[in-house]
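Encoded as structure tokens, the structure appears first; notes follow it.
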Amino acid sequence: MIKQNDIEIPEFEYLFNNGYFINIYTGSKKGFNYKIIPDKEKGITVLIWEGIYSCDNSEIKKEECFELSKDGHEKMVQFILDELDNFEKK
């Protein structure tokens with residue numbers, strides 16, 4: 001796990017490992033929520049929302065897609081950290 005700014009983001013291998021498994025990951029910090037959805041065809045999709053409810057019961061503030069690769073994963077991590085930083089500045 002990557003631990004920064006009091007949140008955890010899974011390593012690339014957790015999400016996708018040589019085509020053997022694909023894991024969805026959801027995390028949060030004090031009202032900032034994110035869901036990471038890897039897909040072999042679509043890549044890595046990240047949903048960002050605020051509040052205490054699940055993404056299914058909330059307004060999605062941001063949705064961003066990244067390449068399903070280690071490079072795409074690095075960009076995804078930076079995106080989540082940037083969005084958290086923006087959230088905390090409110």
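Each chain of the structure tokens is named A, B, ... in the order shown, its residues numbered from 1; ligands are numbered from 1 in display order.
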May I have the residues within 12 Å of range 54-60 of chain A as an mmCIF file with N, CA and C atoms, in the first residue's frame, using only C-alpha atoms and disregarding those fewer than 2 positions away in the same chain?
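To be explicit, this is the file written out as selection-v9.cif:
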```cif
data_model
loop_
_atom_site.group_PDB
_atom_site.id
_atom_site.type_symbol
_atom_site.label_atom_id
_atom_site.label_comp_id
_atom_site.auth_asym_id
_atom_site.auth_seq_id
_atom_site.Cartn_x
_atom_site.Cartn_y
_atom_site.Cartn_z
ATOM 1 N N THR A 26 -11.771 0.971 -2.538
ATOM 2 C CA THR A 26 -12.434 2.190 -2.100
ATOM 3 C C THR A 26 -11.725 2.702 -0.849
ATOM 4 N N GLY A 27 -11.487 4.026 -0.816
ATOM 5 C CA GLY A 27 -10.850 4.637 0.340
ATOM 6 C C GLY A 27 -11.494 5.967 0.672
ATOM 7 N N SER A 28 -11.187 6.474 1.858
ATOM 8 C CA SER A 28 -11.764 7.756 2.267
ATOM 9 C C SER A 28 -10.910 8.405 3.341
ATOM 10 N N GLY A 31 -14.566 12.590 4.792
ATOM 11 C CA GLY A 31 -15.517 13.116 3.814
ATOM 12 C C GLY A 31 -15.021 13.127 2.381
ATOM 13 N N PHE A 32 -13.748 12.860 2.171
ATOM 14 C CA PHE A 32 -13.190 12.720 0.821
ATOM 15 C C PHE A 32 -13.165 11.224 0.515
ATOM 16 N N ASN A 33 -13.791 10.837 -0.599
ATOM 17 C CA ASN A 33 -13.923 9.422 -0.937
ATOM 18 C C ASN A 33 -13.450 9.166 -2.352
ATOM 19 N N TYR A 34 -12.868 7.999 -2.563
ATOM 20 C CA TYR A 34 -12.431 7.623 -3.907
ATOM 21 C C TYR A 34 -12.617 6.122 -4.109
ATOM 22 N N LYS A 35 -12.910 5.776 -5.332
ATOM 23 C CA LYS A 35 -13.075 4.373 -5.717
ATOM 24 C C LYS A 35 -12.224 4.142 -6.948
ATOM 25 N N ILE A 36 -11.399 3.106 -6.922
ATOM 26 C CA ILE A 36 -10.509 2.758 -8.018
ATOM 27 C C ILE A 36 -11.059 1.489 -8.656
ATOM 28 N N VAL A 46 -11.201 6.222 -11.805
ATOM 29 C CA VAL A 46 -11.258 6.721 -10.425
ATOM 30 C C VAL A 46 -12.482 7.604 -10.292
ATOM 31 N N LEU A 47 -13.284 7.328 -9.277
ATOM 32 C CA LEU A 47 -14.441 8.159 -8.931
ATOM 33 C C LEU A 47 -14.117 8.900 -7.644
ATOM 34 N N ILE A 48 -14.456 10.192 -7.608
ATOM 35 C CA ILE A 48 -14.251 11.024 -6.416
ATOM 36 C C ILE A 48 -15.610 11.587 -6.005
ATOM 37 N N TRP A 49 -15.928 11.481 -4.727
ATOM 38 C CA TRP A 49 -17.145 12.087 -4.202
ATOM 39 C C TRP A 49 -16.912 12.506 -2.759
ATOM 40 N N GLU A 50 -17.855 13.286 -2.246
ATOM 41 C CA GLU A 50 -17.744 13.810 -0.888
ATOM 42 C C GLU A 50 -18.922 13.331 -0.050
ATOM 43 N N GLY A 51 -18.699 13.263 1.248
ATOM 44 C CA GLY A 51 -19.789 12.951 2.167
ATOM 45 C C GLY A 51 -19.652 11.596 2.825
ATOM 46 N N ILE A 52 -20.735 11.202 3.475
ATOM 47 C CA ILE A 52 -20.716 9.972 4.269
ATOM 48 C C ILE A 52 -21.343 8.782 3.547
ATOM 49 N N LYS A 62 -15.848 13.952 -9.549
ATOM 50 C CA LYS A 62 -14.863 13.767 -10.626
ATOM 51 C C LYS A 62 -14.815 12.305 -11.012
ATOM 52 N N GLU A 63 -14.612 12.084 -12.302
ATOM 53 C CA GLU A 63 -14.364 10.737 -12.818
ATOM 54 C C GLU A 63 -13.229 10.856 -13.823
ATOM 55 N N GLU A 64 -12.192 10.068 -13.613
ATOM 56 C CA GLU A 64 -11.011 10.155 -14.471
ATOM 57 C C GLU A 64 -10.544 8.741 -14.814
#
```
| message | Excluding range 88-90 of chain A and its own-chain neighbours fewer than 2 positions away, which residues fall within 12 Å of it when counting only C-alpha atoms? Please give them as a list in words. | response | Asn5, Lys29, Lys30, Gly31, Phe32, Glu50, Leu81, Asp82, Glu83, Leu84, Asp85 and Asn86 of chain A
> Taking the backbone alone, and naming residues the way the document does, which bits of range 42-79 of chain A are strand (DSSP E or B) by DSSP, as number ranges by chain?
Replying inline: A: 43-50, 60-66
Task: Asn17 in chain A surroundings by only C-alpha atoms, 12 Å radius, close-in-sequence under 6 positions cut, as a ChimeraX atom specification - done: /A:11,23,38-40,68-70
Check your understanding: Hey, what does DSSP flag as helix (DSSP H, G or I) within chain A? Can you give it to me as a PyMOL selection string?
Key -> chain A and resi 12-15+55-57+70-88
Separating CA of Phe87 in chain A from CA of Lys3 in chain A, to the nearest tenth of an Å, is a gap of 17.7 Å
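For the pair CA of Glu74 in chain A and CA of Gln4 in chain A, the interatomic distance is 13.2 Å.
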Of A:Ile7, A:Ile37, A:Met76, A:Cys65, the one nearest to Ile24 in chain A when counting only C-alpha atoms is A:Ile37
